[in-house]
$ cat model-v6.pdb   # PDB, C-alpha atoms
ATOM      1  CA  MET X  30      10.084 251.725  11.982
ATOM      2  CA  THR X  31       8.501 252.661   8.698
ATOM      3  CA  VAL X  32       4.835 252.946   7.841
ATOM      4  CA  GLY X  33       3.680 252.588   4.244
ATOM      5  CA  ILE X  34       0.915 254.928   3.173
ATOM      6  CA  VAL X  35      -0.938 253.497   0.207
ATOM      7  CA  ALA X  36      -2.293 255.730  -2.523
ATOM      8  CA  PHE X  37      -4.752 254.450  -5.100
ATOM      9  CA  PRO X  38      -5.876 256.611  -8.019
ATOM     10  CA  GLY X  39      -8.303 258.955  -6.265
ATOM     11  CA  THR X  40      -6.810 258.727  -2.768
ATOM     12  CA  ASN X  41      -6.469 262.264  -1.409
ATOM     13  CA  CYS X  42      -5.535 262.079   2.281
ATOM     14  CA  GLU X  43      -2.133 260.420   1.959
ATOM     15  CA  HIS X  44      -0.139 263.595   2.627
ATOM     16  CA  ASP X  45      -2.223 264.558   5.659
ATOM     17  CA  VAL X  46      -1.842 261.087   7.145
ATOM     18  CA  GLY X  47       1.888 261.099   6.424
ATOM     19  CA  TYR X  48       2.288 264.493   8.060
ATOM     20  CA  ALA X  49       0.329 263.376  11.115
ATOM     21  CA  LEU X  50       2.221 260.121  11.636
ATOM     22  CA  GLU X  51       5.590 261.819  11.129
ATOM     23  CA  SER X  52       4.662 264.397  13.752
ATOM     24  CA  PHE X  53       4.199 261.519  16.200
ATOM     25  CA  GLY X  54       7.599 260.050  15.422
ATOM     26  CA  ALA X  55       6.918 257.567  12.631
ATOM     27  CA  THR X  56       8.800 257.403   9.385
ATOM     28  CA  THR X  57       6.448 257.091   6.436
ATOM     29  CA  VAL X  58       6.848 256.196   2.799
ATOM     30  CA  PRO X  59       4.297 256.600   0.037
ATOM     31  CA  VAL X  60       3.258 253.326  -1.602
ATOM     32  CA  TRP X  61       1.613 253.375  -5.016
ATOM     33  CA  HIS X  62      -1.188 250.867  -5.445
ATOM     34  CA  ARG X  63       0.697 249.024  -8.224
ATOM     35  CA  GLU X  64       3.400 247.942  -5.752
ATOM     36  CA  THR X  65       3.475 244.236  -5.058
ATOM     37  CA  SER X  66       5.728 244.190  -1.996
ATOM     38  CA  LEU X  67       5.648 245.886   1.392
ATOM     39  CA  ASP X  68       8.865 244.229   2.543
ATOM     40  CA  GLY X  69      10.733 246.328   5.069
ATOM     41  CA  LEU X  70       7.616 248.094   6.308
ATOM     42  CA  GLU X  71       6.291 247.566   9.825
ATOM     43  CA  ALA X  72       2.775 248.734   9.134
ATOM     44  CA  VAL X  73       0.500 250.188   6.509
ATOM     45  CA  VAL X  74      -2.244 252.805   6.334
ATOM     46  CA  LEU X  75      -4.957 253.037   3.697
ATOM     47  CA  PRO X  76      -5.956 256.717   3.799
ATOM     48  CA  GLY X  77      -9.148 258.431   2.738
ATOM     49  CA  GLY X  78     -10.257 259.565  -0.683
ATOM     50  CA  PHE X  79     -12.139 258.047  -3.569
ATOM     51  CA  ALA X  80     -10.030 255.114  -4.706
ATOM     52  CA  HIS X  81     -10.736 254.235  -8.331
ATOM     53  CA  GLY X  82     -13.523 256.797  -8.312
ATOM     54  CA  ASP X  83     -15.527 254.722  -5.816
ATOM     55  CA  TYR X  84     -16.897 252.984  -8.909
ATOM     56  CA  LEU X  85     -19.060 249.880  -8.499
ATOM     57  CA  ARG X  86     -18.963 250.175  -4.690
ATOM     58  CA  THR X  87     -16.543 252.103  -2.498
ATOM     59  CA  GLY X  88     -13.387 250.035  -2.238
ATOM     60  CA  ALA X  89     -14.613 247.318  -4.614
ATOM     61  CA  ILE X  90     -11.995 248.007  -7.290
ATOM     62  CA  ALA X  91      -9.222 249.108  -4.926
ATOM     63  CA  ARG X  92      -9.545 245.827  -3.115
ATOM     64  CA  PHE X  93      -8.013 244.162  -6.208
ATOM     65  CA  SER X  94      -5.193 246.647  -6.741
ATOM     66  CA  PRO X  95      -1.875 244.765  -6.775
ATOM     67  CA  VAL X  96      -0.761 246.215  -3.444
ATOM     68  CA  MET X  97      -3.646 244.568  -1.630
ATOM     69  CA  ALA X  98      -2.092 241.101  -1.756
ATOM     70  CA  ALA X  99       0.897 242.555   0.103
ATOM     71  CA  VAL X 100      -1.421 244.313   2.564
ATOM     72  CA  GLU X 101      -3.152 241.001   3.235
ATOM     73  CA  LYS X 102       0.211 239.323   3.802
ATOM     74  CA  LEU X 103       1.286 242.032   6.241
ATOM     75  CA  ALA X 104      -2.049 241.763   8.037
ATOM     76  CA  ALA X 105      -1.687 237.981   8.278
ATOM     77  CA  GLU X 106       1.665 238.530   9.993
ATOM     78  CA  GLY X 107      -0.130 240.510  12.698
ATOM     79  CA  ARG X 108       1.392 243.817  11.737
ATOM     80  CA  PRO X 109      -0.691 246.994  12.105
ATOM     81  CA  VAL X 110      -3.060 247.787   9.244
ATOM     82  CA  LEU X 111      -5.193 250.910   9.548
ATOM     83  CA  GLY X 112      -7.915 252.106   7.176
ATOM     84  CA  ILE X 113      -9.289 255.622   7.462
ATOM     85  CA  CYS X 114     -12.578 256.495   5.743
ATOM     86  CA  ASN X 115     -12.171 255.177   2.185
ATOM     87  CA  GLY X 116      -9.362 252.987   3.515
ATOM     88  CA  PHE X 117     -11.830 251.454   5.989
ATOM     89  CA  GLN X 118     -14.179 250.746   3.087
ATOM     90  CA  VAL X 119     -11.352 249.052   1.180
ATOM     91  CA  LEU X 120     -10.487 246.856   4.185
ATOM     92  CA  CYS X 121     -14.127 245.762   4.450
ATOM     93  CA  GLU X 122     -14.324 244.964   0.738
ATOM     94  CA  ALA X 123     -11.102 242.987   1.072
ATOM     95  CA  GLY X 124     -12.586 240.968   3.916
ATOM     96  CA  LEU X 125      -9.834 242.073   6.298
ATOM     97  CA  LEU X 126     -12.554 243.662   8.413
ATOM     98  CA  PRO X 127     -16.151 242.382   8.571
ATOM     99  CA  GLY X 128     -19.190 244.137   7.160
ATOM    100  CA  ALA X 129     -19.705 246.820   4.540
ATOM    101  CA  LEU X 130     -20.358 250.546   4.247
ATOM    102  CA  ILE X 131     -23.323 251.937   2.353
ATOM    103  CA  ALA X 132     -24.771 255.407   1.654
ATOM    104  CA  ASN X 133     -25.620 257.542   4.655
ATOM    105  CA  ARG X 134     -29.169 257.128   5.954
ATOM    106  CA  ASP X 135     -30.199 260.629   4.858
ATOM    107  CA  LEU X 136     -28.274 260.540   1.558
ATOM    108  CA  ARG X 137     -26.223 263.553   2.547
ATOM    109  CA  PHE X 138     -22.495 263.940   2.364
ATOM    110  CA  ILE X 139     -21.527 264.601   5.983
ATOM    111  CA  CYS X 140     -18.587 266.912   6.647
ATOM    112  CA  ARG X 141     -18.469 268.034  10.260
ATOM    113  CA  PRO X 142     -16.920 267.127  13.592
ATOM    114  CA  VAL X 143     -18.666 264.273  15.389
ATOM    115  CA  GLN X 144     -18.287 262.803  18.859
ATOM    116  CA  LEU X 145     -16.945 259.294  19.256
ATOM    117  CA  ARG X 146     -16.892 257.122  22.360
ATOM    118  CA  VAL X 147     -14.003 254.726  22.856
ATOM    119  CA  GLU X 148     -15.479 251.244  23.323
ATOM    120  CA  SER X 149     -12.317 249.198  23.550
ATOM    121  CA  THR X 150      -8.636 249.932  24.037
ATOM    122  CA  ASP X 151      -7.614 246.558  22.674
ATOM    123  CA  SER X 152      -6.641 247.753  19.212
ATOM    124  CA  ILE X 153      -3.823 249.478  17.367
ATOM    125  CA  LEU X 154      -5.955 252.611  17.170
ATOM    126  CA  THR X 155      -7.192 252.929  20.746
ATOM    127  CA  ARG X 156      -4.552 251.425  23.018
ATOM    128  CA  ALA X 157      -3.520 254.838  24.432
ATOM    129  CA  ALA X 158      -7.110 255.970  24.959
ATOM    130  CA  ALA X 159      -9.497 255.167  27.812
ATOM    131  CA  VAL X 160     -12.749 253.244  27.532
ATOM    132  CA  GLY X 161     -15.601 255.739  27.671
ATOM    133  CA  GLN X 162     -13.406 258.628  26.544
ATOM    134  CA  VAL X 163     -15.251 260.977  24.178
ATOM    135  CA  LEU X 164     -13.313 262.275  21.176
ATOM    136  CA  THR X 165     -14.288 264.990  18.708
ATOM    137  CA  ILE X 166     -13.090 264.054  15.208
ATOM    138  CA  PRO X 167     -14.187 265.270  11.756
ATOM    139  CA  LEU X 168     -16.325 262.944   9.665
ATOM    140  CA  ASN X 169     -16.145 263.426   5.892
ATOM    141  CA  SER X 170     -18.070 260.818   3.963
ATOM    142  CA  TYR X 171     -21.116 259.863   1.942
ATOM    143  CA  GLU X 172     -20.853 256.122   2.479
ATOM    144  CA  GLY X 173     -20.223 255.760   6.198
ATOM    145  CA  ASN X 174     -23.317 253.768   7.102
ATOM    146  CA  TYR X 175     -21.935 250.546   8.555
ATOM    147  CA  VAL X 176     -23.676 247.255   7.823
ATOM    148  CA  PRO X 177     -22.396 244.283   9.827
ATOM    149  CA  GLY X 178     -21.730 240.845   8.441
ATOM    150  CA  PRO X 179     -23.183 237.706  10.016
ATOM    151  CA  ASP X 180     -21.198 238.224  13.230
ATOM    152  CA  ALA X 181     -21.134 241.277  15.480
ATOM    153  CA  PRO X 182     -17.986 243.340  14.835
ATOM    154  CA  ASN X 183     -15.325 244.148  17.408
ATOM    155  CA  THR X 184     -16.419 247.752  17.841
ATOM    156  CA  ILE X 185     -13.784 250.185  19.056
ATOM    157  CA  LEU X 186     -15.521 253.536  18.415
ATOM    158  CA  ARG X 187     -19.192 254.534  18.403
ATOM    159  CA  TYR X 188     -20.889 257.805  17.505
ATOM    160  CA  CYS X 189     -22.139 259.452  20.694
ATOM    161  CA  GLU X 190     -23.496 262.607  22.281
ATOM    162  CA  PRO X 191     -20.965 265.044  23.820
ATOM    163  CA  ASP X 192     -21.640 263.415  27.199
ATOM    164  CA  GLY X 193     -20.845 259.984  25.785
ATOM    165  CA  SER X 194     -24.376 258.618  25.611
ATOM    166  CA  ILE X 195     -25.316 256.619  22.516
ATOM    167  CA  THR X 196     -28.477 257.972  20.876
ATOM    168  CA  GLY X 197     -30.091 257.819  17.478
ATOM    169  CA  ARG X 198     -29.669 261.576  17.164
ATOM    170  CA  ALA X 199     -25.912 261.299  17.627
ATOM    171  CA  ASN X 200     -25.659 258.660  14.912
ATOM    172  CA  PRO X 201     -24.923 260.810  11.854
ATOM    173  CA  ASN X 202     -25.223 258.245   9.096
ATOM    174  CA  GLY X 203     -27.417 255.396  10.312
ATOM    175  CA  SER X 204     -24.564 253.015  11.097
ATOM    176  CA  SER X 205     -25.669 249.762  12.667
ATOM    177  CA  GLY X 206     -24.954 249.952  16.400
ATOM    178  CA  SER X 207     -23.663 253.529  15.898
ATOM    179  CA  VAL X 208     -20.414 251.949  14.719
ATOM    180  CA  ALA X 209     -17.732 254.465  13.756
ATOM    181  CA  GLY X 210     -14.718 252.180  13.973
ATOM    182  CA  ILE X 211     -13.997 248.475  14.306
ATOM    183  CA  ALA X 212     -11.041 246.129  14.597
ATOM    184  CA  ASN X 213     -10.387 242.483  13.910
ATOM    185  CA  GLN X 214     -10.522 240.165  16.906
ATOM    186  CA  THR X 215      -6.839 240.586  17.723
ATOM    187  CA  GLY X 216      -6.934 244.356  17.312
ATOM    188  CA  THR X 217      -4.131 244.504  14.730
ATOM    189  CA  ILE X 218      -6.362 245.620  11.858
ATOM    190  CA  ALA X 219      -8.534 248.665  12.454
ATOM    191  CA  GLY X 220     -10.766 250.916  10.408
ATOM    192  CA  LEU X 221     -12.778 254.030  11.138
ATOM    193  CA  MET X 222     -14.839 256.482   9.110
ATOM    194  CA  PRO X 223     -13.810 259.776  10.826
ATOM    195  CA  HIS X 224     -10.443 261.391  10.090
ATOM    196  CA  PRO X 225      -8.120 261.518  13.129
ATOM    197  CA  GLU X 226      -5.386 263.143  11.007
ATOM    198  CA  ARG X 227      -7.612 266.224  10.737
ATOM    199  CA  ALA X 228      -7.676 266.711  14.508
ATOM    200  CA  ILE X 229      -4.059 266.928  15.607
ATOM    201  CA  GLU X 230      -2.883 270.565  15.554
ATOM    202  CA  ASP X 231      -3.859 273.369  17.913
ATOM    203  CA  PHE X 232      -5.286 275.433  15.059
ATOM    204  CA  MET X 233      -7.704 272.647  14.166
ATOM    205  CA  ALA X 234     -11.125 272.436  15.781
ATOM    206  CA  SER X 235      -9.940 269.527  17.902
ATOM    207  CA  THR X 236      -6.747 267.725  18.798
ATOM    208  CA  ASP X 237      -8.519 264.531  19.816
ATOM    209  CA  GLY X 238      -7.128 262.637  16.834
ATOM    210  CA  ARG X 239      -3.749 262.608  18.536
ATOM    211  CA  VAL X 240      -4.538 259.822  20.977
ATOM    212  CA  LEU X 241      -5.664 257.569  18.123
ATOM    213  CA  LEU X 242      -2.650 258.179  15.909
ATOM    214  CA  GLU X 243      -0.284 258.034  18.883
ATOM    215  CA  SER X 244      -1.849 254.654  19.649
ATOM    216  CA  PHE X 245      -1.125 253.566  16.109
ATOM    217  CA  VAL X 246       2.485 254.766  16.189
ATOM    218  CA  ALA X 247       3.010 253.049  19.562
ATOM    219  CA  SER X 248       1.588 249.856  18.073
ATOM    220  CA  VAL X 249       3.985 250.079  15.154
ATOM    221  CA  GLU X 250       6.899 250.635  17.539
ATOM    222  CA  SER X 251       5.965 247.591  19.618
ATOM    223  CA  VAL X 252       5.862 245.435  16.485
ATOM    224  CA  GLY X 253       9.302 246.735  15.569
ATOM    225  CA  VAL X 254      10.624 245.877  19.043
ATOM    226  CA  SER X 255       9.176 242.385  19.002
ATOM    227  CA  ARG X 256      10.787 241.690  15.636
ATOM    228  CA  ALA X 257      14.199 243.058  16.641
TER     229      ALA X 257
ATOM    230  CA  MET V  19     -22.160 236.534 -26.045
ATOM    231  CA  ARG V  20     -23.294 239.178 -23.634
ATOM    232  CA  ALA V  21     -24.092 238.759 -19.958
ATOM    233  CA  VAL V  22     -26.416 241.067 -18.081
ATOM    234  CA  VAL V  23     -25.832 240.966 -14.347
ATOM    235  CA  THR V  24     -28.452 242.387 -11.995
ATOM    236  CA  ILE V  25     -27.106 243.086  -8.536
ATOM    237  CA  THR V  26     -29.650 243.531  -5.773
ATOM    238  CA  ARG V  27     -29.212 244.505  -2.171
ATOM    239  CA  ARG V  28     -30.786 241.994   0.196
ATOM    240  CA  ASP V  29     -34.091 243.025   1.728
ATOM    241  CA  GLU V  30     -32.688 243.245   5.241
ATOM    242  CA  ILE V  31     -30.014 245.755   4.141
ATOM    243  CA  ALA V  32     -31.169 249.370   4.062
ATOM    244  CA  ASP V  33     -31.424 251.082   0.688
ATOM    245  CA  PRO V  34     -31.453 254.824   1.489
ATOM    246  CA  GLU V  35     -31.709 255.733  -2.199
ATOM    247  CA  GLY V  36     -34.711 253.467  -2.744
ATOM    248  CA  ALA V  37     -36.387 254.800   0.405
ATOM    249  CA  THR V  38     -35.916 258.384  -0.768
ATOM    250  CA  ILE V  39     -37.389 257.606  -4.195
ATOM    251  CA  ALA V  40     -40.330 255.845  -2.546
ATOM    252  CA  ARG V  41     -41.114 258.936  -0.469
ATOM    253  CA  ALA V  42     -40.916 261.142  -3.561
ATOM    254  CA  LEU V  43     -43.217 258.827  -5.511
ATOM    255  CA  VAL V  44     -45.774 259.005  -2.713
ATOM    256  CA  ASP V  45     -45.495 262.813  -2.835
ATOM    257  CA  LEU V  46     -46.077 262.613  -6.589
ATOM    258  CA  GLY V  47     -49.418 261.021  -5.901
ATOM    259  CA  TYR V  48     -48.491 257.342  -6.102
ATOM    260  CA  GLY V  49     -49.762 256.666  -2.622
ATOM    261  CA  ASP V  50     -49.892 252.942  -3.215
ATOM    262  CA  VAL V  51     -46.107 252.653  -3.535
ATOM    263  CA  GLY V  52     -44.737 250.328  -0.873
ATOM    264  CA  THR V  53     -40.992 249.912  -1.130
ATOM    265  CA  VAL V  54     -38.568 250.902  -3.859
ATOM    266  CA  ARG V  55     -35.213 249.204  -4.280
ATOM    267  CA  VAL V  56     -32.513 250.556  -6.564
ATOM    268  CA  ASN V  57     -30.556 247.786  -8.286
ATOM    269  CA  ARG V  58     -27.453 247.874 -10.407
ATOM    270  CA  THR V  59     -27.055 246.347 -13.861
ATOM    271  CA  VAL V  60     -23.674 245.449 -15.322
ATOM    272  CA  GLU V  61     -23.320 244.238 -18.911
ATOM    273  CA  VAL V  62     -20.281 242.193 -19.862
ATOM    274  CA  SER V  63     -19.624 241.170 -23.454
ATOM    275  CA  MET V  64     -17.252 238.304 -24.240
ATOM    276  CA  PRO V  65     -17.029 238.033 -28.025
ATOM    277  CA  GLY V  66     -16.439 234.572 -29.427
ATOM    278  CA  ARG V  67     -17.231 232.714 -26.192
ATOM    279  CA  ASP V  68     -20.081 230.276 -25.779
ATOM    280  CA  ARG V  69     -22.879 230.442 -23.253
ATOM    281  CA  GLU V  70     -21.377 228.005 -20.736
ATOM    282  CA  TYR V  71     -18.051 229.789 -20.752
ATOM    283  CA  VAL V  72     -19.593 233.227 -20.295
ATOM    284  CA  LEU V  73     -21.893 232.073 -17.514
ATOM    285  CA  SER V  74     -19.033 230.484 -15.628
ATOM    286  CA  ALA V  75     -16.719 233.459 -16.085
ATOM    287  CA  VAL V  76     -19.321 236.049 -15.137
ATOM    288  CA  ARG V  77     -20.338 234.041 -12.087
ATOM    289  CA  GLY V  78     -16.707 234.203 -10.992
ATOM    290  CA  MET V  79     -16.668 237.971 -11.590
ATOM    291  CA  CYS V  80     -19.748 238.337  -9.401
ATOM    292  CA  GLU V  81     -18.313 236.257  -6.587
ATOM    293  CA  LYS V  82     -15.035 238.153  -6.624
ATOM    294  CA  MET V  83     -15.957 241.720  -7.392
ATOM    295  CA  LEU V  84     -19.257 242.667  -9.007
ATOM    296  CA  ALA V  85     -21.368 241.801  -5.950
ATOM    297  CA  ASN V  86     -20.536 242.143  -2.283
ATOM    298  CA  PRO V  87     -21.483 238.895  -0.510
ATOM    299  CA  VAL V  88     -22.040 240.781   2.744
ATOM    300  CA  MET V  89     -25.121 242.542   1.421
ATOM    301  CA  GLU V  90     -25.887 241.714  -2.210
ATOM    302  CA  ASP V  91     -27.264 238.946  -4.432
ATOM    303  CA  TYR V  92     -26.929 238.700  -8.202
ATOM    304  CA  GLU V  93     -28.635 237.196 -11.239
ATOM    305  CA  ILE V  94     -27.015 236.540 -14.604
ATOM    306  CA  GLU V  95     -28.806 236.477 -17.959
ATOM    307  CA  ILE V  96     -26.942 235.492 -21.125
ATOM    308  CA  PHE V  97     -27.829 236.908 -24.543
ATOM    309  CA  ASP V  98     -26.537 236.134 -28.011
TER     310      ASP V  98
END

$ encode --input "model-v6.pdb" --output "structure tokens"
Amino acid sequence: MTVGIVAFPGTNCEHDVGYALESFGATTVPVWHRETSLDGLEAVVLPGGFAHGDYLRTGAIARFSPVMAAVEKLAAEGRPVLGICNGFQVLCEAGLLPGALIANRDLRFICRPVQLRVESTDSILTRAAAVGQVLTIPLNSYEGNYVPGPDAPNTILRYCEPDGSITGRANPNGSSGSVAGIANQTGTIAGLMPHPERAIEDFMASTDGRVLLESFVASVESVGVSRA
Amino acid sequence: MRAVVTITRRDEIADPEGATIARALVDLGYGDVGTVRVNRTVEVSMPGRDREYVLSAVRGMCEKMLANPVMEDYEIEIFD
């Protein structure tokens, strides 16, 4: 059960994500963006950073890196594909998830823990969580303001108050519908702006990222079982 | 030939940068400013190609990469 962790020029969270997934029992391999095959991998993560300098639009250039054709193939096979922060932006640009991400409402780079409410457990990222559960996870982005496409997204995480209520005040970046994370309709492709890999160890401000990454690893394991 | 592509965000999509500039312009005394939208211009030169070729190629570039169909429109002007 091996998870590929894609690095584009400018990606900077690949080691943190690798560390986190390995600590939950996954085997990970780094995948450079020039790779054209993901054969032998059960799943793939696009981590955070500034792929290709975020030039043009975040994710707009990365979406055409050679590896993305292989990511699309893996996604079409129903295998888990997760995008975190910049990786989420890349998945939206690639059309693997609907919508787009634009500059934060107040034009500030936001780097602080935020509260998220689990909206659905029917995804690779939330299957081990409970609907209504409130998680504290660091957000670290300038372009996290979600704009939906023509159809409403399958929202799995929303920004919320500590008590779980959804308010304008708790929406840090102006995201439509307070969206923090979404999935495709079958839940096999997921993306979120906050960084669960930065909330897994006791010394960190929160360990709430565990349930999300454990969900992902469990999803990868179940794919491996079904293919065996 | 040279193509100048202007990429604009659709009116219904927020433009936080434009909104911030609009507020600053009002503070500067331009109280009659309504909205400000910040657009992007991309210039593409294709030496030795004719107008039809460049227009077709650049339109393809816009559809694939230069503009995001979720939130943006584009216009192409061709210059000698």

$ closest_atom_pairs --input "model-v6.pdb" --of "chain V" --to "chain X" --cutoff "10 Å" --atoms "only C-alpha atoms" --output "tab-separated table"
residue	atom	partner	partner_atom	distance
V:Ile31	CA	X:Val176	CA	7.5
V:Ala32	CA	X:Arg134	CA	8.2
V:Asp33	CA	X:Ala132	CA	8.0
V:Pro34	CA	X:Arg134	CA	5.5
V:Glu35	CA	X:Leu136	CA	7.0
V:Ala37	CA	X:Arg134	CA	9.4
V:Thr38	CA	X:Leu136	CA	8.3
V:Arg58	CA	X:Leu85	CA	8.8
V:Val60	CA	X:Leu85	CA	9.4
V:Lys82	CA	X:Phe93	CA	9.3
V:Met83	CA	X:Ala89	CA	6.4
V:Leu84	CA	X:Leu85	CA	7.2
V:Ala85	CA	X:Leu85	CA	8.8
V:Asn86	CA	X:Glu122	CA	7.5
V:Pro87	CA	X:Gly178	CA	9.2
V:Val88	CA	X:Gly178	CA	5.7
V:Met89	CA	X:Ala129	CA	7.6

$ atom_distance --input "model-v6.pdb" --atom1 "atom CA of Ile113 of chain X" --atom2 "atom CA of Gly54 of chain X"
19.2 Å

$ resolve_selection --input "model-v6.pdb" --expression "the PyMOL selection byres ((chain X and resi 199) around 9)" --output "MDAnalysis selection string"
chainID X and resid 143:144 188:191 194:198 200:201 207

$ resolve_selection --input "model-v6.pdb" --expression "the PyMOL selection byres ((chain X and resi 229) around 10)" --output "PyMOL selection string"
chain X and resi 49+52-53+166+225-228+230-242

$ write_last_selection --input "model-v6.pdb" --atoms "C-alpha atoms" --output "compact mmCIF listing (two decimals), in the coordinates of the input"
# COMPACT_ATOMS: atom_id res chain seq x y z
CA ALA X 49 0.33 263.38 11.12
CA SER X 52 4.66 264.40 13.75
CA PHE X 53 4.20 261.52 16.20
CA ILE X 166 -13.09 264.05 15.21
CA PRO X 225 -8.12 261.52 13.13
CA GLU X 226 -5.39 263.14 11.01
CA ARG X 227 -7.61 266.22 10.74
CA ALA X 228 -7.68 266.71 14.51
CA GLU X 230 -2.88 270.56 15.55
CA ASP X 231 -3.86 273.37 17.91
CA PHE X 232 -5.29 275.43 15.06
CA MET X 233 -7.70 272.65 14.17
CA ALA X 234 -11.12 272.44 15.78
CA SER X 235 -9.94 269.53 17.90
CA THR X 236 -6.75 267.73 18.80
CA ASP X 237 -8.52 264.53 19.82
CA GLY X 238 -7.13 262.64 16.83
CA ARG X 239 -3.75 262.61 18.54
CA VAL X 240 -4.54 259.82 20.98
CA LEU X 241 -5.66 257.57 18.12
CA LEU X 242 -2.65 258.18 15.91

$ atom_distance --input "model-v6.pdb" --atom1 "atom CA of Cys42 of chain X" --atom2 "atom CA of Arg187 of chain X"
22.4 Å
